[in-house]
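Shown here: entry_17.cif, mmCIF, C-alpha atoms.
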data_target
#
loop_
_atom_site.label_atom_id
_atom_site.label_comp_id
_atom_site.auth_asym_id
_atom_site.auth_seq_id
_atom_site.Cartn_x
_atom_site.Cartn_y
_atom_site.Cartn_z
CA MET A 44 -21.43 6.05 7.12
CA SER A 45 -20.85 6.41 3.40
CA ASP A 46 -20.51 3.60 0.86
CA SER A 47 -17.80 5.45 -1.07
CA LEU A 48 -14.48 3.87 -2.00
CA SER A 49 -11.53 6.26 -1.95
CA ILE A 50 -8.05 5.53 -3.27
CA VAL A 51 -4.83 7.39 -2.57
CA LEU A 52 -3.08 6.39 -5.80
CA PHE A 53 0.66 6.83 -5.23
CA SER A 54 2.28 4.21 -7.47
CA GLY A 55 2.65 4.59 -11.21
CA THR A 56 3.36 1.08 -12.47
CA GLU A 57 1.05 -0.90 -14.76
CA ASP A 58 0.27 -3.60 -12.23
CA LYS A 59 -0.71 -1.19 -9.44
CA LEU A 60 -2.63 1.08 -11.83
CA HIS A 61 -4.48 -2.06 -12.96
CA ALA A 62 -5.30 -2.98 -9.36
CA ALA A 63 -6.65 0.53 -8.74
CA ALA A 64 -8.65 0.61 -11.98
CA THR A 65 -10.29 -2.78 -11.41
CA LEU A 66 -11.22 -1.89 -7.83
CA ALA A 67 -12.65 1.44 -9.06
CA VAL A 68 -14.72 -0.11 -11.84
CA GLY A 69 -15.95 -2.83 -9.48
CA ALA A 70 -17.11 -0.21 -6.99
CA VAL A 71 -18.90 2.05 -9.50
CA ALA A 72 -20.60 -1.03 -10.96
CA MET A 73 -22.08 -1.49 -7.48
CA ASP A 74 -23.28 2.16 -7.58
CA ARG A 75 -20.68 3.30 -5.09
CA PRO A 76 -19.03 6.70 -5.51
CA VAL A 77 -15.26 6.51 -6.09
CA ASN A 78 -12.72 9.22 -5.18
CA ILE A 79 -9.14 8.91 -6.39
CA MET A 80 -6.31 11.23 -5.34
CA LEU A 81 -3.14 11.05 -7.46
CA MET A 82 0.13 11.50 -5.59
CA PHE A 83 3.77 11.25 -6.72
CA TRP A 84 4.46 8.53 -9.30
CA ALA A 85 0.80 8.11 -10.15
CA LEU A 86 0.67 11.83 -11.02
CA ASP A 87 3.69 11.34 -13.23
CA ALA A 88 1.91 8.45 -14.96
CA PHE A 89 -1.17 10.61 -15.63
CA ARG A 90 0.68 13.29 -17.66
CA ALA A 91 -1.17 13.58 -20.96
CA ASP A 92 1.96 12.70 -22.95
CA ARG A 93 2.81 9.63 -20.85
CA ILE A 94 -0.48 8.08 -19.78
CA ALA A 95 -0.69 5.69 -22.76
CA LYS A 96 2.96 4.56 -22.55
CA ASP A 97 4.22 1.44 -20.81
CA HIS A 98 4.71 2.26 -17.14
CA GLY A 99 6.63 -0.86 -16.18
CA LEU A 100 5.88 -3.27 -13.36
CA ALA A 101 6.56 -3.22 -9.62
CA TYR A 102 7.85 -6.81 -9.65
CA ASP A 103 11.40 -5.86 -8.71
CA ALA A 104 9.98 -4.86 -5.36
CA ALA A 105 6.86 -6.96 -5.08
CA ARG A 106 7.67 -10.27 -6.77
CA PRO A 107 9.44 -13.29 -5.31
CA ARG A 108 13.05 -13.64 -6.46
CA PHE A 109 13.88 -17.20 -7.41
CA ASN A 110 16.66 -16.39 -9.86
CA GLU A 111 14.16 -17.44 -12.46
CA PRO A 112 13.13 -15.32 -15.40
CA VAL A 113 9.90 -13.37 -14.89
CA ASP A 114 6.88 -15.24 -16.20
CA PRO A 115 5.26 -13.50 -19.13
CA VAL A 116 2.53 -11.09 -18.09
CA GLY A 117 -0.62 -10.67 -20.20
CA GLU A 118 -2.19 -7.42 -21.38
CA ILE A 119 -2.97 -4.91 -18.61
CA PRO A 120 -5.61 -2.55 -20.03
CA TRP A 121 -5.88 -0.35 -16.93
CA LEU A 122 -6.49 2.91 -18.81
CA LYS A 123 -9.43 1.45 -20.73
CA THR A 124 -10.82 0.07 -17.45
CA LEU A 125 -10.51 3.44 -15.75
CA ARG A 126 -12.20 5.32 -18.62
CA GLN A 127 -15.01 2.75 -18.41
CA ALA A 128 -15.39 3.40 -14.66
CA LYS A 129 -15.79 7.11 -15.40
CA GLU A 130 -18.42 6.43 -18.07
CA ILE A 131 -20.62 4.13 -16.03
CA GLY A 132 -20.45 5.71 -12.60
CA ASP A 133 -19.56 8.51 -10.22
CA MET A 134 -15.75 8.63 -10.14
CA THR A 135 -13.71 11.74 -9.37
CA ILE A 136 -9.94 12.00 -9.89
CA LEU A 137 -8.08 14.69 -7.96
CA ALA A 138 -4.44 15.66 -8.48
CA CYS A 139 -2.74 16.26 -5.10
CA SER A 140 -1.53 19.86 -5.17
CA GLY A 141 1.38 19.12 -2.80
CA SER A 142 2.68 16.37 -5.10
CA LEU A 143 2.31 18.64 -8.15
CA ASP A 144 4.62 21.13 -6.37
CA VAL A 145 7.21 18.53 -5.30
CA LEU A 146 7.41 17.04 -8.82
CA GLY A 147 7.18 20.40 -10.59
CA ILE A 148 4.20 19.26 -12.69
CA ASP A 149 1.70 21.78 -14.09
CA ALA A 150 -1.89 20.49 -13.63
CA SER A 151 -2.76 21.58 -17.19
CA THR A 152 -0.37 18.93 -18.57
CA LEU A 153 -2.35 16.07 -16.99
CA ASP A 154 -4.73 13.80 -18.91
CA PRO A 155 -8.37 15.01 -19.07
CA LEU A 156 -9.37 12.02 -16.89
CA VAL A 157 -8.14 14.19 -13.99
CA ASP A 158 -11.03 16.38 -12.82
CA SER A 159 -9.22 18.94 -10.70
CA SER A 160 -6.34 19.52 -8.31
CA GLY A 161 -6.66 20.06 -4.57
CA GLY A 162 -5.20 19.41 -1.15
CA ILE A 163 -5.39 16.51 1.26
CA ALA A 164 -8.31 18.13 3.14
CA THR A 165 -10.45 18.12 -0.02
CA PHE A 166 -9.75 14.43 -0.51
CA LEU A 167 -10.27 13.45 3.13
CA MET A 168 -13.62 15.25 3.20
CA ALA A 169 -14.80 13.43 0.07
CA ALA A 170 -13.59 10.13 1.59
CA GLU A 171 -15.29 10.73 4.94
CA GLY A 172 -17.09 7.73 6.40
CA GLY A 173 -16.18 5.39 3.53
CA GLN A 174 -13.39 2.93 2.82
CA ILE A 175 -9.91 4.16 1.84
CA LEU A 176 -7.03 2.35 0.17
CA PHE A 177 -3.44 3.48 -0.40
CA ILE A 178 -2.07 1.93 -3.58
CA MET B 125 -21.21 -1.35 9.77
CA SER B 126 -19.21 -4.57 9.83
CA ASP B 127 -16.17 -5.33 12.00
CA SER B 128 -14.47 -7.30 9.19
CA LEU B 129 -10.90 -6.63 8.08
CA SER B 130 -10.31 -7.09 4.36
CA ILE B 131 -6.94 -7.13 2.63
CA VAL B 132 -6.16 -6.73 -1.06
CA LEU B 133 -2.88 -8.64 -1.00
CA PHE B 134 -0.90 -7.55 -4.05
CA SER B 135 2.74 -7.90 -3.01
CA GLY B 136 4.59 -11.20 -2.78
CA THR B 137 7.64 -10.47 -0.66
CA GLU B 138 8.33 -11.98 2.76
CA ASP B 139 8.11 -8.68 4.64
CA LYS B 140 4.75 -7.66 3.16
CA LEU B 141 3.33 -11.20 3.48
CA HIS B 142 4.40 -11.06 7.13
CA ALA B 143 2.65 -7.72 7.62
CA ALA B 144 -0.54 -9.15 6.09
CA ALA B 145 -0.37 -12.38 8.11
CA THR B 146 0.18 -10.63 11.45
CA LEU B 147 -2.67 -8.18 10.80
CA ALA B 148 -4.91 -11.12 9.81
CA VAL B 149 -4.09 -13.21 12.87
CA GLY B 150 -4.51 -10.16 15.12
CA ALA B 151 -7.98 -9.52 13.69
CA VAL B 152 -9.25 -13.12 13.92
CA ALA B 153 -7.95 -13.27 17.50
CA MET B 154 -10.36 -10.39 18.18
CA ASP B 155 -13.16 -12.47 16.59
CA ARG B 156 -13.26 -10.31 13.48
CA PRO B 157 -13.88 -11.95 10.08
CA VAL B 158 -10.95 -11.54 7.65
CA ASN B 159 -11.23 -11.51 3.84
CA ILE B 160 -8.08 -11.63 1.74
CA MET B 161 -8.00 -11.24 -2.05
CA LEU B 162 -4.76 -12.28 -3.76
CA MET B 163 -3.71 -10.20 -6.77
CA PHE B 164 -0.61 -10.25 -8.96
CA TRP B 165 2.64 -11.03 -7.11
CA ALA B 166 0.83 -12.34 -4.05
CA LEU B 167 -0.94 -14.87 -6.30
CA ASP B 168 2.43 -15.88 -7.69
CA ALA B 169 3.70 -16.39 -4.13
CA PHE B 170 0.74 -18.65 -3.28
CA ARG B 171 1.44 -21.25 -5.99
CA ALA B 172 1.61 -24.60 -4.23
CA ASP B 173 5.16 -25.23 -5.48
CA ARG B 174 6.45 -21.80 -4.42
CA ILE B 175 4.62 -20.86 -1.23
CA ALA B 176 7.25 -22.32 1.12
CA LYS B 177 10.24 -20.83 -0.76
CA ASP B 178 12.03 -17.60 0.13
CA HIS B 179 10.12 -14.73 -1.50
CA GLY B 180 12.72 -12.02 -0.95
CA LEU B 181 12.23 -8.63 0.65
CA ALA B 182 10.85 -5.32 -0.60
CA TYR B 183 13.76 -3.35 0.87
CA ASP B 184 15.12 -2.22 -2.46
CA ALA B 185 12.00 -0.14 -2.78
CA ALA B 186 10.96 0.41 0.81
CA ARG B 187 14.19 0.74 2.79
CA PRO B 188 16.41 3.77 3.30
CA ARG B 189 19.57 3.68 1.16
CA PHE B 190 22.61 4.72 3.11
CA ASN B 191 25.18 2.84 1.07
CA GLU B 192 25.34 0.60 4.10
CA PRO B 193 24.88 -3.14 3.98
CA VAL B 194 21.38 -4.31 4.86
CA ASP B 195 21.03 -5.17 8.54
CA PRO B 196 20.38 -8.85 9.11
CA VAL B 197 16.68 -9.67 9.24
CA GLY B 198 15.34 -12.34 11.62
CA GLU B 199 13.02 -15.22 10.80
CA ILE B 200 9.74 -14.20 9.09
CA PRO B 201 7.33 -17.11 9.65
CA TRP B 202 4.40 -15.54 7.75
CA LEU B 203 3.05 -18.83 6.35
CA LYS B 204 2.84 -20.42 9.80
CA THR B 205 1.11 -17.27 11.07
CA LEU B 206 -1.41 -17.33 8.23
CA ARG B 207 -2.22 -21.02 8.75
CA GLN B 208 -2.76 -20.24 12.42
CA ALA B 209 -5.18 -17.42 11.53
CA LYS B 210 -7.19 -19.90 9.47
CA GLU B 211 -7.29 -22.42 12.31
CA ILE B 212 -8.44 -20.05 15.02
CA GLY B 213 -10.88 -17.83 13.15
CA ASP B 214 -13.00 -16.93 10.17
CA MET B 215 -10.55 -16.11 7.37
CA THR B 216 -11.31 -16.48 3.65
CA ILE B 217 -8.68 -16.26 0.91
CA LEU B 218 -9.89 -15.49 -2.61
CA ALA B 219 -7.74 -15.61 -5.77
CA CYS B 220 -8.55 -12.65 -8.03
CA SER B 221 -9.75 -14.14 -11.31
CA GLY B 222 -8.54 -11.14 -13.34
CA SER B 223 -5.00 -11.53 -11.97
CA LEU B 224 -5.07 -15.30 -12.63
CA ASP B 225 -5.79 -14.45 -16.29
CA VAL B 226 -3.10 -11.77 -16.60
CA LEU B 227 -0.44 -14.02 -15.06
CA GLY B 228 -1.63 -17.18 -16.80
CA ILE B 229 -1.97 -19.07 -13.51
CA ASP B 230 -4.39 -21.99 -13.13
CA ALA B 231 -6.28 -21.76 -9.82
CA SER B 232 -5.79 -25.48 -9.24
CA THR B 233 -2.03 -24.92 -8.87
CA LEU B 234 -2.49 -22.65 -5.84
CA ASP B 235 -1.88 -23.71 -2.25
CA PRO B 236 -4.93 -25.20 -0.45
CA LEU B 237 -4.95 -22.13 1.85
CA VAL B 238 -6.74 -20.42 -1.05
CA ASP B 239 -10.48 -21.06 -0.71
CA SER B 240 -11.73 -20.08 -4.16
CA SER B 241 -11.30 -17.69 -7.05
CA GLY B 242 -13.59 -14.82 -7.93
CA GLY B 243 -13.88 -11.28 -9.18
CA ILE B 244 -13.54 -7.87 -7.57
CA ALA B 245 -17.31 -7.66 -6.95
CA THR B 246 -17.22 -10.82 -4.80
CA PHE B 247 -14.42 -9.34 -2.71
CA LEU B 248 -15.98 -5.87 -2.39
CA MET B 249 -19.26 -7.39 -1.25
CA ALA B 250 -17.52 -9.47 1.43
CA ALA B 251 -15.59 -6.35 2.50
CA GLU B 252 -18.66 -4.12 2.65
CA GLY B 253 -18.90 -1.85 5.67
CA GLY B 254 -15.58 -3.00 7.17
CA GLN B 255 -11.98 -1.84 6.98
CA ILE B 256 -9.86 -2.52 3.87
CA LEU B 257 -6.10 -2.47 3.37
CA PHE B 258 -4.06 -2.71 0.17
CA ILE B 259 -0.74 -4.43 0.87
CA MET C 64 -18.15 4.45 14.08
CA SER C 65 -15.02 6.48 14.81
CA ASP C 66 -13.58 9.32 12.74
CA SER C 67 -10.00 8.23 13.41
CA LEU C 68 -7.45 7.72 10.64
CA SER C 69 -4.99 4.89 11.25
CA ILE C 70 -1.88 4.16 9.24
CA VAL C 71 0.18 0.97 9.14
CA LEU C 72 3.44 2.63 8.08
CA PHE C 73 5.61 -0.07 6.54
CA SER C 74 7.76 1.77 3.98
CA GLY C 75 10.74 3.91 4.85
CA THR C 76 11.36 6.03 1.76
CA GLU C 77 11.02 9.83 1.63
CA ASP C 78 8.12 9.81 -0.81
CA LYS C 79 5.99 7.35 1.18
CA LEU C 80 6.89 8.98 4.51
CA HIS C 81 5.78 12.27 2.95
CA ALA C 82 2.47 10.74 1.83
CA ALA C 83 1.89 9.42 5.36
CA ALA C 84 2.86 12.71 7.03
CA THR C 85 0.62 14.86 4.81
CA LEU C 86 -2.36 12.54 5.31
CA ALA C 87 -1.72 12.60 9.08
CA VAL C 88 -1.46 16.38 9.31
CA GLY C 89 -4.55 16.78 7.10
CA ALA C 90 -6.54 14.52 9.42
CA VAL C 91 -5.48 16.14 12.70
CA ALA C 92 -6.23 19.56 11.17
CA MET C 93 -9.80 18.26 10.82
CA ASP C 94 -9.74 17.27 14.51
CA ARG C 95 -9.53 13.58 13.75
CA PRO C 96 -7.39 11.31 15.95
CA VAL C 97 -4.49 9.68 14.08
CA ASN C 98 -2.86 6.33 15.01
CA ILE C 99 0.33 5.28 13.26
CA MET C 100 1.98 1.87 13.67
CA LEU C 101 5.57 1.59 12.41
CA MET C 102 6.54 -1.75 10.85
CA PHE C 103 9.70 -2.93 9.11
CA TRP C 104 11.43 -0.28 6.96
CA ALA C 105 9.50 2.58 8.53
CA LEU C 106 10.82 1.47 11.94
CA ASP C 107 14.31 1.47 10.50
CA ALA C 108 13.73 5.03 9.23
CA PHE C 109 12.62 6.20 12.70
CA ARG C 110 15.87 5.25 14.48
CA ALA C 111 17.04 8.39 16.27
CA ASP C 112 20.36 8.38 14.41
CA ARG C 113 18.78 7.95 10.97
CA ILE C 114 15.49 9.83 11.01
CA ALA C 115 16.95 13.08 9.66
CA LYS C 116 19.00 11.41 6.91
CA ASP C 117 17.95 11.00 3.28
CA HIS C 118 15.84 7.85 3.03
CA GLY C 119 15.77 7.61 -0.76
CA LEU C 120 12.76 7.23 -3.00
CA ALA C 121 10.55 4.29 -4.00
CA TYR C 122 10.68 5.27 -7.69
CA ASP C 123 12.55 2.17 -8.78
CA ALA C 124 9.44 0.25 -7.90
CA ALA C 125 6.71 2.84 -8.25
CA ARG C 126 7.74 5.07 -11.15
CA PRO C 127 7.26 4.53 -14.86
CA ARG C 128 10.44 3.42 -16.64
CA PHE C 129 10.99 5.24 -19.91
CA ASN C 130 14.76 4.93 -20.03
CA GLU C 131 14.68 8.60 -19.22
CA PRO C 132 16.53 10.18 -16.33
CA VAL C 133 14.39 10.72 -13.23
CA ASP C 134 12.90 14.21 -13.12
CA PRO C 135 14.27 16.28 -10.28
CA VAL C 136 12.18 16.01 -7.12
CA GLY C 137 11.67 19.04 -4.85
CA GLU C 138 12.14 19.19 -1.09
CA ILE C 139 10.19 16.57 0.90
CA PRO C 140 9.93 17.91 4.46
CA TRP C 141 8.02 14.94 5.84
CA LEU C 142 9.64 15.00 9.29
CA LYS C 143 8.73 18.65 9.83
CA THR C 144 5.17 17.88 8.69
CA LEU C 145 4.89 14.95 11.09
CA ARG C 146 6.19 16.96 14.05
CA GLN C 147 3.63 19.63 13.19
CA ALA C 148 0.84 17.00 13.18
CA LYS C 149 1.89 15.97 16.69
CA GLU C 150 1.88 19.60 17.90
CA ILE C 151 -1.54 20.54 16.60
CA GLY C 152 -3.53 17.38 17.18
CA ASP C 153 -4.02 13.95 18.68
CA MET C 154 -1.49 11.68 16.93
CA THR C 155 -0.01 8.52 18.45
CA ILE C 156 2.94 6.64 16.98
CA LEU C 157 3.39 2.99 18.00
CA ALA C 158 6.41 0.83 17.17
CA CYS C 159 5.29 -2.69 16.20
CA SER C 160 6.91 -5.04 18.71
CA GLY C 161 7.00 -7.93 16.22
CA SER C 162 8.94 -5.83 13.70
CA LEU C 163 11.34 -4.62 16.42
CA ASP C 164 12.15 -8.30 17.08
CA VAL C 165 12.58 -9.26 13.41
CA LEU C 166 14.89 -6.31 12.73
CA GLY C 167 16.72 -6.55 16.06
CA ILE C 168 15.97 -2.92 16.93
CA ASP C 169 15.83 -1.75 20.56
CA ALA C 170 12.83 0.58 21.08
CA SER C 171 15.01 2.95 23.12
CA THR C 172 17.02 3.80 20.01
CA LEU C 173 13.96 5.21 18.19
CA ASP C 174 13.24 8.92 17.77
CA PRO C 175 11.17 10.52 20.58
CA LEU C 176 8.31 11.02 18.09
CA VAL C 177 7.54 7.35 18.78
CA ASP C 178 5.24 7.15 21.81
CA SER C 179 5.49 3.48 22.71
CA SER C 180 5.84 -0.04 21.36
CA GLY C 181 3.09 -2.64 21.23
CA GLY C 182 1.50 -5.46 19.31
CA ILE C 183 -0.97 -5.61 16.44
CA ALA C 184 -3.92 -5.99 18.85
CA THR C 185 -3.10 -2.66 20.49
CA PHE C 186 -3.06 -0.96 17.10
CA LEU C 187 -6.22 -2.66 15.80
CA MET C 188 -8.12 -1.67 18.93
CA ALA C 189 -7.09 1.97 18.56
CA ALA C 190 -8.05 1.83 14.87
CA GLU C 191 -11.45 0.24 15.52
CA GLY C 192 -14.34 1.69 13.56
CA GLY C 193 -12.20 4.23 11.69
CA GLN C 194 -10.35 4.29 8.38
CA ILE C 195 -7.05 2.41 7.95
CA LEU C 196 -4.31 2.76 5.35
CA PHE C 197 -1.27 0.57 4.70
CA ILE C 198 1.59 2.69 3.35
#
Would you mind giving the structure from this file in structure tokens?
Amino acid sequence: MSDSLSIVLFSGTEDKLHAAATLAVGAVAMDRPVNIMLMFWALDAFRADRIAKDHGLAYDAARPRFNEPVDPVGEIPWLKTLRQAKEIGDMTILACSGSLDVLGIDASTLDPLVDSSGGIATFLMAAEGGQILFI
Amino acid sequence: MSDSLSIVLFSGTEDKLHAAATLAVGAVAMDRPVNIMLMFWALDAFRADRIAKDHGLAYDAARPRFNEPVDPVGEIPWLKTLRQAKEIGDMTILACSGSLDVLGIDASTLDPLVDSSGGIATFLMAAEGGQILFI
Amino acid sequence: MSDSLSIVLFSGTEDKLHAAATLAVGAVAMDRPVNIMLMFWALDAFRADRIAKDHGLAYDAARPRFNEPVDPVGEIPWLKTLRQAKEIGDMTILACSGSLDVLGIDASTLDPLVDSSGGIATFLMAAEGGQILFI
């Protein structure tokens, strides 16, 4: 049994990126290794020329609809949180090679936070025996 | 190794709340401890003045689009199911303090089903060694 | 501790079905047992008369919004991938009986890839001690 926390990061909206980043920084602060695999819309969000832009929110799909305006949402500094996780602990970010192909993204255009690209097997082996989340 | 089931509950729509509630009640019925942490849109859904309202569905994002009308969906009694889980077993619901800040929600305005508020570290420690889901 | 990978498959869009199928085939290729439970929109996507149709994408909810057109997305052969997982390894697909009721779907109208229908307890027992994802 491993104490690692692994995250299949699929979504590319600010709120879900924030959830992933805060879970990652919480885990490394407890000295747990963290493995993140970027798939689909998260990959898109990690392109070097897009990573610092506003990635929108998932509330259209995830928020109650009361025909009320959306309440204002405070600052969501997920990128700063994720960089901090990398500085203080053992966190590896993998770009899923299958998703790179489907989206036609070249791995060299991703932000330097991404360590390498690889397949599902690479990720599953790193995640072995620990906890996994799909976000 | 723990037999606990922990849920990061992020989404606030009826269908996802139902999925979380049925998994929670299934686990406590098997005598497993359940830890739920409310983030973002799930927090919004657990405000005392909103929890019993209709929270909509995630089908715009999660359902096939065939240019057909949506099939009628039956009753989704997730709140009743969740209260039942609390009655029959060991289930703790934590409000994520970071999400409370981002959304500007005061913890005292949440439904009494919520036991307390706390950070990611509190949740990860309770979840240690068990299974975790992100919903 | 079990080396099984279990997936609560809730979403019914091509991109999330692809994520689930590639994780499933990756796990069976490593000789790990895979248990999938279909809930809600994934159940809808597995109806025999719909499974081969285009199920759309979750990008409205999961993709950054830059007021730019969506980049073209390549082929997503998730169904082929999932059939392959079933051929090469030990993969079981369960239809959630509660979701069948809510959506008014008769289990006999589902694709033959689905092995049986059952409740949450059946799924949680099969998943015991392994890793679980909610997709």
Selected by the PyMOL selection byres ((chain A and resi 53) around 12) in the shown coordinates: which residues, as number ranges by chain?
A: 50-52, 54-56, 59-60, 63, 79-89, 138-139, 142, 176-178; B: 258; C: 78-83, 121-122, 124-127, 197-198
Selection file, C-alpha atoms, as a PDB file, keeping the file's coordinate frame:
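That gives us result39.pdb:
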ATOM      1  CA  ILE A  50      -8.050   5.530  -3.270  1.00  0.00           C
ATOM      2  CA  VAL A  51      -4.830   7.390  -2.570  1.00  0.00           C
ATOM      3  CA  LEU A  52      -3.080   6.390  -5.800  1.00  0.00           C
ATOM      4  CA  SER A  54       2.280   4.210  -7.470  1.00  0.00           C
ATOM      5  CA  GLY A  55       2.650   4.590 -11.210  1.00  0.00           C
ATOM      6  CA  THR A  56       3.360   1.080 -12.470  1.00  0.00           C
ATOM      7  CA  LYS A  59      -0.710  -1.190  -9.440  1.00  0.00           C
ATOM      8  CA  LEU A  60      -2.630   1.080 -11.830  1.00  0.00           C
ATOM      9  CA  ALA A  63      -6.650   0.530  -8.740  1.00  0.00           C
ATOM     10  CA  ILE A  79      -9.140   8.910  -6.390  1.00  0.00           C
ATOM     11  CA  MET A  80      -6.310  11.230  -5.340  1.00  0.00           C
ATOM     12  CA  LEU A  81      -3.140  11.050  -7.460  1.00  0.00           C
ATOM     13  CA  MET A  82       0.130  11.500  -5.590  1.00  0.00           C
ATOM     14  CA  PHE A  83       3.770  11.250  -6.720  1.00  0.00           C
ATOM     15  CA  TRP A  84       4.460   8.530  -9.300  1.00  0.00           C
ATOM     16  CA  ALA A  85       0.800   8.110 -10.150  1.00  0.00           C
ATOM     17  CA  LEU A  86       0.670  11.830 -11.020  1.00  0.00           C
ATOM     18  CA  ASP A  87       3.690  11.340 -13.230  1.00  0.00           C
ATOM     19  CA  ALA A  88       1.910   8.450 -14.960  1.00  0.00           C
ATOM     20  CA  PHE A  89      -1.170  10.610 -15.630  1.00  0.00           C
ATOM     21  CA  ALA A 138      -4.440  15.660  -8.480  1.00  0.00           C
ATOM     22  CA  CYS A 139      -2.740  16.260  -5.100  1.00  0.00           C
ATOM     23  CA  SER A 142       2.680  16.370  -5.100  1.00  0.00           C
ATOM     24  CA  LEU A 176      -7.030   2.350   0.170  1.00  0.00           C
ATOM     25  CA  PHE A 177      -3.440   3.480  -0.400  1.00  0.00           C
ATOM     26  CA  ILE A 178      -2.070   1.930  -3.580  1.00  0.00           C
TER      27      ILE A 178
ATOM     28  CA  PHE B 258      -4.060  -2.710   0.170  1.00  0.00           C
TER      29      PHE B 258
ATOM     30  CA  ASP C  78       8.120   9.810  -0.810  1.00  0.00           C
ATOM     31  CA  LYS C  79       5.990   7.350   1.180  1.00  0.00           C
ATOM     32  CA  LEU C  80       6.890   8.980   4.510  1.00  0.00           C
ATOM     33  CA  HIS C  81       5.780  12.270   2.950  1.00  0.00           C
ATOM     34  CA  ALA C  82       2.470  10.740   1.830  1.00  0.00           C
ATOM     35  CA  ALA C  83       1.890   9.420   5.360  1.00  0.00           C
ATOM     36  CA  ALA C 121      10.550   4.290  -4.000  1.00  0.00           C
ATOM     37  CA  TYR C 122      10.680   5.270  -7.690  1.00  0.00           C
ATOM     38  CA  ALA C 124       9.440   0.250  -7.900  1.00  0.00           C
ATOM     39  CA  ALA C 125       6.710   2.840  -8.250  1.00  0.00           C
ATOM     40  CA  ARG C 126       7.740   5.070 -11.150  1.00  0.00           C
ATOM     41  CA  PRO C 127       7.260   4.530 -14.860  1.00  0.00           C
ATOM     42  CA  PHE C 197      -1.270   0.570   4.700  1.00  0.00           C
ATOM     43  CA  ILE C 198       1.590   2.690   3.350  1.00  0.00           C
TER      44      ILE C 198
END
For each of B:Asp173, B:Asp235, B:Asp127, B:Asp178, take the minimum atom-to-atom distance to chain A, counting only C-alpha atoms, then give the residue where this is smallest.
B:Asp178
Counting all atoms listed in the file, closest pick from A:Thr65, A:Ser140, A:Ser151, A:Thr124 relative to chain C is A:Ser140
Separation of CA of Val116 (chain A) from CA of Gly180 (chain B), in Å and rounded to one decimal
20.0 Å
Could you give me, as a count of residues only, the residues that have an atom at most 12 Å away from the point (-9.4, -20.9, 6.9) in the coordinates of the file, using all atoms listed in the file?
26
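Across C:Met64, C:Ile139, C:Leu173, C:Ile195, the tightest approach to Gly141 (chain A) is made by C:Ile139 when counting all atoms listed in the file.
Put simply, CA of Met168 (chain A) is 22.7 Å away from CA of Val145 (chain A).
Nearest-residue note for chain C: choosing from B:Gly242, B:Gly253, B:Gly228, B:Gly150, the minimum distance belongs to B:Gly150, counting only C-alpha atoms.
Against this structure, the PyMOL selection byres ((chain A and resi 164) around 9) ends up with Gly161, Gly162, Ile163, Thr165, Phe166, Leu167, Met168 and Ala169 of chain A; Leu86, Gly89, Ala90, Ala92 and Met93 of chain C.
Relative to CA of Glu252 (chain B), CA of Ser45 (chain A) is found at 10.8 Å.
With distances restricted to all atoms listed in the file, A:Leu48 is the closest residue to Gln174 (chain A) from A:Leu48, A:Pro115, A:Arg93, A:Lys123.
Among the candidate residues B:Arg171, B:Glu138, B:Ala145, B:Trp202, the one lying nearest to Leu224 (chain B) is B:Arg171, with distances computed using all atoms listed in the file.
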